[in-house]
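These notes concern the structure reproduced below.
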Amino acid sequence: MIKRNLISGLFAVFLISCSSDNEEPQLDGTLAGDLTDKEMVLGNVIACAASNEDPSVVSVFLYPRAGASNINFYETEHMEVDENNFSSYSKGAAELMDVFNGYLLKYEIVPDQEKWVIVTFEEDGKVHLSNPIRLKQRTKPTEYLPQNVTVDNSGVMPIFSWEDGAFDDTVIYFQVVSDENNTLLSGTYTMDQIFQYYELDNVVLNITVTEPPSLMLGNNYNFSLLAVSEDNWVNLFAEVNFTLE
């Protein structure tokens, strides 16, 4: 009897062990879990991240298209993971904040180490995802260099040009022209280090929804520049004020 009970106990342990080994990975609370049974669109959210002048704080920026809802961000525990494995991402917790009076949005987070982030939102019954964003607040903190921007403000179509900072892996530049109330007038991307308001000859992506107004002589405006790397990290941020003459 004792021998039979011992065998039965060992057999039960064996079954539990096998069951545990064959279980699916736990997906609750992960991006993979939240995408279960949902139609998704990859690489269809414009987003990037930059460290603040206090590099321990990171801003994750996104462009919320009209109709976007249920906006979230997901983060990995660290950067030593496959950034395309959605089971490595857990939902982050931070408040959404307006940028340019809500034309853009951002999360401000204080990551304990460098990691990967993905931003998502729902639109037209599908979940849209950004490309993975690699946070580099320790190894490549964002440079704040307004002195690298030159403004030719001699007319109502000013020309903006700029230089890179210490990092040479920028692949695209995002420019915003806004008024003195911080309302976005134009938002454009170029591969070149020059942009003229509002000429689109060298613009490769335009998030300006409506035709922007003509600029007025004597009015005050702002120009903001983000130099973005291939993994969506902002190498350089610059903001300058200008007045048309």
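Within each chain, counting starts at residue 1; across the structure tokens, chains are named A, B, ... in the order shown, with ligands numbered 1 upward in that order.
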Write out as a CSV table (one decimal) with all heavy atoms, in the first residue's frame the residues lying within 9 Å of range 225-235 of chain A, counting only C-alpha atoms and excluding same-chain residues fewer than 4 positions away.
chain,number,residue,atom,x,y,z
A,47,ALA,N,5.7,58.4,-33.6
A,47,ALA,CA,6.1,58.6,-32.2
A,47,ALA,C,7.6,58.5,-32.1
A,47,ALA,O,8.3,57.9,-33.0
A,47,ALA,CB,5.5,57.5,-31.3
A,48,CYS,N,8.1,59.2,-31.1
A,48,CYS,CA,9.6,59.2,-30.8
A,48,CYS,C,9.7,59.6,-29.4
A,48,CYS,O,8.8,59.9,-28.7
A,48,CYS,CB,10.3,60.2,-31.8
A,48,CYS,SG,9.8,62.0,-31.5
A,49,ALA,N,11.0,59.6,-28.9
A,49,ALA,CA,11.2,59.9,-27.5
A,49,ALA,C,12.5,60.7,-27.4
A,49,ALA,O,13.4,60.5,-28.2
A,49,ALA,CB,11.3,58.6,-26.7
A,50,ALA,N,12.5,61.5,-26.3
A,50,ALA,CA,13.7,62.4,-26.1
A,50,ALA,C,13.9,62.5,-24.6
A,50,ALA,O,12.9,62.5,-23.8
A,50,ALA,CB,13.5,63.8,-26.7
A,51,SER,N,15.1,62.5,-24.1
A,51,SER,CA,15.4,62.9,-22.7
A,51,SER,C,15.2,64.4,-22.6
A,51,SER,O,15.5,65.1,-23.5
A,51,SER,CB,16.7,62.4,-22.3
A,51,SER,OG,17.8,62.9,-23.1
A,131,ASN,N,6.5,52.0,-34.4
A,131,ASN,CA,7.8,51.2,-34.5
A,131,ASN,C,8.4,51.3,-33.1
A,131,ASN,O,8.2,52.2,-32.3
A,131,ASN,CB,8.7,51.8,-35.5
A,131,ASN,CG,8.3,51.5,-36.9
A,131,ASN,OD1,7.7,50.4,-37.2
A,131,ASN,ND2,8.5,52.5,-37.8
A,132,PRO,N,9.1,50.3,-32.7
A,132,PRO,CA,9.8,50.3,-31.4
A,132,PRO,C,10.7,51.5,-31.2
A,132,PRO,O,11.4,51.9,-32.2
A,132,PRO,CB,10.6,49.0,-31.4
A,132,PRO,CG,9.9,48.1,-32.3
A,132,PRO,CD,9.4,49.0,-33.4
A,133,ILE,N,10.6,52.1,-30.1
A,133,ILE,CA,11.4,53.3,-29.8
A,133,ILE,C,12.5,52.9,-28.7
A,133,ILE,O,12.1,52.4,-27.7
A,133,ILE,CB,10.6,54.4,-29.2
A,133,ILE,CG1,9.4,54.8,-30.1
A,133,ILE,CG2,11.4,55.7,-28.8
A,133,ILE,CD1,8.3,55.6,-29.5
A,134,ARG,N,13.7,53.1,-29.1
A,134,ARG,CA,14.8,52.8,-28.1
A,134,ARG,C,15.2,54.0,-27.3
A,134,ARG,O,15.6,55.0,-27.8
A,134,ARG,CB,16.0,52.3,-28.9
A,134,ARG,CG,17.2,51.9,-27.9
A,134,ARG,CD,18.3,51.3,-28.7
A,134,ARG,NE,19.5,51.1,-27.8
A,134,ARG,CZ,20.6,50.5,-28.2
A,134,ARG,NH1,20.8,50.1,-29.4
A,134,ARG,NH2,21.6,50.4,-27.3
A,135,LEU,N,15.0,53.9,-26.0
A,135,LEU,CA,15.4,54.9,-25.1
A,135,LEU,C,16.9,54.9,-24.8
A,135,LEU,O,17.4,53.9,-24.5
A,135,LEU,CB,14.6,54.8,-23.7
A,135,LEU,CG,13.1,54.7,-23.8
A,135,LEU,CD1,12.5,54.8,-22.4
A,135,LEU,CD2,12.5,55.7,-24.7
A,136,LYS,N,17.5,56.1,-24.9
A,136,LYS,CA,18.9,56.2,-24.8
A,136,LYS,C,19.3,57.3,-23.8
A,136,LYS,O,20.3,58.0,-24.1
A,136,LYS,CB,19.6,56.4,-26.2
A,136,LYS,CG,19.3,55.4,-27.2
A,136,LYS,CD,19.9,55.8,-28.6
A,136,LYS,CE,19.5,54.9,-29.7
A,136,LYS,NZ,20.0,55.3,-31.0
A,140,LYS,N,23.0,58.2,-24.8
A,140,LYS,CA,22.9,59.3,-25.8
A,140,LYS,C,21.8,60.3,-25.4
A,140,LYS,O,20.8,60.5,-26.1
A,140,LYS,CB,22.6,58.8,-27.2
A,140,LYS,CG,23.7,58.2,-28.0
A,140,LYS,CD,23.3,57.9,-29.4
A,140,LYS,CE,24.5,57.4,-30.2
A,140,LYS,NZ,24.1,57.1,-31.6
A,141,PRO,N,22.0,61.0,-24.3
A,141,PRO,CA,21.0,62.0,-23.8
A,141,PRO,C,20.8,63.0,-24.9
A,141,PRO,O,21.8,63.5,-25.6
A,141,PRO,CB,21.6,62.6,-22.6
A,141,PRO,CG,23.1,62.3,-22.6
A,141,PRO,CD,23.2,61.0,-23.4
A,142,THR,N,19.6,63.4,-25.1
A,142,THR,CA,19.2,64.4,-26.1
A,142,THR,C,19.9,65.7,-25.9
A,142,THR,O,20.0,66.2,-24.8
A,142,THR,CB,17.7,64.6,-26.1
A,142,THR,OG1,17.0,63.4,-26.4
A,142,THR,CG2,17.3,65.6,-27.2
A,143,GLU,N,20.5,66.2,-27.0
A,143,GLU,CA,21.2,67.5,-26.9
A,143,GLU,C,20.2,68.7,-27.1
A,143,GLU,O,19.4,68.6,-28.0
A,143,GLU,CB,22.3,67.6,-27.9
A,143,GLU,CG,23.5,66.6,-27.7
A,143,GLU,CD,24.6,66.8,-28.8
A,143,GLU,OE1,24.4,66.4,-29.9
A,143,GLU,OE2,25.6,67.4,-28.4
A,144,TYR,N,20.4,69.7,-26.3
A,144,TYR,CA,19.5,70.9,-26.5
A,144,TYR,C,20.4,72.0,-27.0
A,144,TYR,O,21.2,72.6,-26.3
A,144,TYR,CB,18.9,71.3,-25.1
A,144,TYR,CG,17.7,70.3,-24.8
A,144,TYR,CD1,18.0,69.0,-24.3
A,144,TYR,CD2,16.4,70.7,-24.9
A,144,TYR,CE1,17.0,68.2,-24.1
A,144,TYR,CE2,15.4,69.9,-24.7
A,144,TYR,CZ,15.6,68.6,-24.2
A,144,TYR,OH,14.6,67.7,-24.0
A,146,PRO,N,19.8,75.2,-29.3
A,146,PRO,CA,19.1,76.2,-30.2
A,146,PRO,C,20.1,76.9,-31.0
A,146,PRO,O,19.8,77.5,-32.1
A,146,PRO,CB,18.4,77.1,-29.1
A,146,PRO,CG,19.1,76.8,-27.9
A,146,PRO,CD,19.6,75.4,-27.9
A,149,VAL,N,20.6,76.3,-34.9
A,149,VAL,CA,19.5,76.6,-35.9
A,149,VAL,C,19.7,78.1,-36.3
A,149,VAL,O,20.0,79.0,-35.5
A,149,VAL,CB,18.1,76.5,-35.2
A,149,VAL,CG1,17.1,77.0,-36.2
A,149,VAL,CG2,17.8,75.1,-34.9
A,162,TRP,N,20.0,74.2,-40.2
A,162,TRP,CA,20.5,73.7,-38.9
A,162,TRP,C,21.7,72.8,-39.1
A,162,TRP,O,21.9,72.3,-40.2
A,162,TRP,CB,19.4,73.0,-38.0
A,162,TRP,CG,18.7,71.9,-38.8
A,162,TRP,CD1,19.1,70.6,-38.8
A,162,TRP,CD2,17.5,72.0,-39.6
A,162,TRP,NE1,18.2,69.9,-39.6
A,162,TRP,CE2,17.2,70.7,-40.1
A,162,TRP,CE3,16.7,73.1,-39.9
A,162,TRP,CZ2,16.1,70.5,-40.9
A,162,TRP,CZ3,15.6,72.9,-40.7
A,162,TRP,CH2,15.3,71.6,-41.2
A,164,ASP,N,23.8,69.3,-37.2
A,164,ASP,CA,23.7,68.2,-36.2
A,164,ASP,C,24.6,68.6,-35.0
A,164,ASP,O,25.5,69.4,-35.1
A,164,ASP,CB,24.1,66.9,-36.8
A,164,ASP,CG,23.1,66.3,-37.7
A,164,ASP,OD1,21.9,66.5,-37.4
A,164,ASP,OD2,23.5,65.7,-38.7
A,165,GLY,N,24.3,67.9,-33.9
A,165,GLY,CA,25.2,68.0,-32.7
A,165,GLY,C,26.3,66.9,-32.7
A,165,GLY,O,26.9,66.6,-33.8
A,166,ALA,N,26.5,66.3,-31.6
A,166,ALA,CA,27.6,65.3,-31.5
A,166,ALA,C,27.2,64.0,-32.1
A,166,ALA,O,28.1,63.2,-32.5
A,166,ALA,CB,27.9,65.1,-30.0
A,167,PHE,N,26.0,63.7,-32.3
A,167,PHE,CA,25.6,62.4,-32.8
A,167,PHE,C,25.3,62.4,-34.3
A,167,PHE,O,24.6,63.3,-34.8
A,167,PHE,CB,24.3,61.9,-32.1
A,167,PHE,CG,24.5,61.9,-30.6
A,167,PHE,CD1,23.6,62.6,-29.8
A,167,PHE,CD2,25.5,61.3,-30.0
A,167,PHE,CE1,23.7,62.6,-28.4
A,167,PHE,CE2,25.7,61.3,-28.6
A,167,PHE,CZ,24.8,62.0,-27.8
A,168,ASP,N,25.8,61.4,-35.0
A,168,ASP,CA,25.8,61.5,-36.5
A,168,ASP,C,24.8,60.4,-37.1
A,168,ASP,O,24.9,60.1,-38.3
A,168,ASP,CB,27.2,61.3,-37.1
A,168,ASP,CG,27.8,60.0,-36.7
A,168,ASP,OD1,27.2,59.2,-35.9
A,168,ASP,OD2,29.0,59.7,-37.1
A,169,ASP,N,23.9,59.9,-36.3
A,169,ASP,CA,23.1,58.8,-36.8
A,169,ASP,C,21.6,59.3,-37.0
A,169,ASP,O,20.7,58.5,-37.1
A,169,ASP,CB,23.1,57.6,-35.9
A,169,ASP,CG,22.6,57.9,-34.5
A,169,ASP,OD1,22.7,59.1,-34.0
A,169,ASP,OD2,22.1,57.0,-33.8
A,170,THR,N,21.4,60.6,-37.1
A,170,THR,CA,20.1,61.1,-37.4
A,170,THR,C,19.7,60.7,-38.8
A,170,THR,O,20.5,60.9,-39.8
A,170,THR,CB,20.0,62.7,-37.3
A,170,THR,OG1,20.2,63.0,-35.9
A,170,THR,CG2,18.7,63.2,-37.7
A,171,VAL,N,18.4,60.3,-39.0
A,171,VAL,CA,18.0,59.9,-40.3
A,171,VAL,C,16.8,60.8,-40.9
A,171,VAL,O,16.6,60.9,-42.1
A,171,VAL,CB,17.5,58.5,-40.4
A,171,VAL,CG1,18.6,57.5,-40.1
A,171,VAL,CG2,16.3,58.2,-39.4
A,172,ILE,N,16.2,61.6,-39.9
A,172,ILE,CA,15.1,62.4,-40.4
A,172,ILE,C,14.9,63.6,-39.4
A,172,ILE,O,15.3,63.5,-38.2
A,172,ILE,CB,13.8,61.6,-40.5
A,172,ILE,CG1,12.8,62.4,-41.4
A,172,ILE,CG2,13.2,61.3,-39.1
A,172,ILE,CD1,11.6,61.5,-41.8
A,173,TYR,N,14.4,64.7,-39.9
A,173,TYR,CA,14.3,65.9,-39.0
A,173,TYR,C,12.8,66.3,-39.0
A,173,TYR,O,12.2,66.4,-40.1
A,173,TYR,CB,15.1,67.1,-39.6
A,173,TYR,CG,16.6,66.7,-39.7
A,173,TYR,CD1,17.2,66.2,-40.8
A,173,TYR,CD2,17.4,66.9,-38.6
A,173,TYR,CE1,18.5,65.9,-40.9
A,173,TYR,CE2,18.8,66.6,-38.6
A,173,TYR,CZ,19.3,66.1,-39.8
A,173,TYR,OH,20.6,65.8,-39.8
A,174,PHE,N,12.3,66.6,-37.8
A,174,PHE,CA,10.9,67.0,-37.7
A,174,PHE,C,10.9,68.5,-37.3
A,174,PHE,O,11.6,68.9,-36.4
A,174,PHE,CB,10.2,66.2,-36.6
A,174,PHE,CG,8.8,66.6,-36.3
A,174,PHE,CD1,7.9,66.8,-37.3
A,174,PHE,CD2,8.4,66.8,-34.9
A,174,PHE,CE1,6.6,67.2,-37.0
A,174,PHE,CE2,7.1,67.2,-34.6
A,174,PHE,CZ,6.2,67.4,-35.7
A,175,GLN,N,10.2,69.3,-38.1
A,175,GLN,CA,10.1,70.8,-37.9
A,175,GLN,C,8.7,71.2,-37.5
A,175,GLN,O,7.7,70.7,-38.1
A,175,GLN,CB,10.6,71.5,-39.1
A,175,GLN,CG,11.8,71.1,-39.7
A,175,GLN,CD,11.6,70.1,-40.8
A,175,GLN,OE1,10.6,70.1,-41.5
A,175,GLN,NE2,12.6,69.2,-41.0
A,176,VAL,N,8.6,72.1,-36.5
A,176,VAL,CA,7.3,72.7,-36.2
A,176,VAL,C,7.4,74.2,-36.2
A,176,VAL,O,8.3,74.7,-35.6
A,176,VAL,CB,6.7,72.2,-34.8
A,176,VAL,CG1,5.5,73.0,-34.4
A,176,VAL,CG2,6.4,70.7,-34.9
A,239,GLU,N,14.8,74.9,-30.0
A,239,GLU,CA,13.6,75.7,-30.1
A,239,GLU,C,14.1,77.2,-30.1
A,239,GLU,O,14.9,77.6,-29.3
A,239,GLU,CB,12.7,75.5,-29.0
A,239,GLU,CG,11.3,76.2,-29.1
A,239,GLU,CD,10.4,75.8,-28.0
A,239,GLU,OE1,10.8,75.8,-26.8
A,239,GLU,OE2,9.2,75.5,-28.3
A,240,VAL,N,13.7,77.9,-31.2
A,240,VAL,CA,14.1,79.3,-31.3
A,240,VAL,C,12.8,80.2,-31.6
A,240,VAL,O,11.9,79.7,-32.2
A,240,VAL,CB,15.1,79.5,-32.4
A,240,VAL,CG1,16.4,78.8,-32.0
A,240,VAL,CG2,14.6,79.0,-33.7
Can you pull out the residues contacting Met216 in chain A? Cut-off 12 Å, using only C-alpha atoms, and skip same-chain residues under 3 positions away; I want them as a PyMOL selection string. chain A and resi 153-158+179+213+219-221+242-245
From the list A:Val60, A:Leu217, A:Val81, A:Ile207, the nearest residue to Pro111 in chain A using only C-alpha atoms is A:Val60
Using only C-alpha atoms, which of A:Phe223, A:Phe100, A:Phe73, A:Tyr189 sits nearest Val45 in chain A? A:Phe73
Among range 46-235 of chain A, which residues does DSSP mark as strand (DSSP E or B) when it is run on the backbone? Keep the chain and numbering as in the structure and answer as a ChimeraX atom specification. /A:47-51,58-62,69-75,90-91,96-99,104-109,116-123,126-130,133-134,143-144,149-152,159-162,170-179,184-190,194-196,203-206,220-229,233-235
Suppose you want the space between CA of Gly102 in chain A and CA of Gln137 in chain A; what is it in Å?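 Between these atoms lies a distance of 24.9 Å.
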Excluding same-chain residues fewer than 4 positions from Thr30 in chain A, what lies within 9 Å of it counting only C-alpha atoms, as a PyMOL selection string? chain A and resi 26+34-35+74+86-91
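Using only C-alpha atoms, the shortest contact distance between Gln193 in chain A and any of A:Ser224, A:Ser161, A:Asn101, A:Asn181 is found at A:Ser161.
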For CA of Asp201 in chain A and CA of Val177 in chain A, quote the distance in Å rounded to one decimal.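 Taking CA of Asp201 in chain A and CA of Val177 in chain A, their separation equals 16.8 Å.
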Separation of CA of Met40 in chain A from CA of Tyr107 in chain A, in Å and rounded to one decimal: 22.1 Å
Which is closer to Val99 in chain A than all the others in A:Gly43, A:Pro212, A:Pro64, A:Pro55, using only C-alpha atoms?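 So, comparing all the options, the nearest one is A:Pro64.
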So which one's closest to Asn70 in chain A, A:Leu27, A:Glu95, A:Val127, A:Val57? Using only C-alpha atoms, please.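 Selected residue with least distance to Asn70 in chain A: A:Val127.
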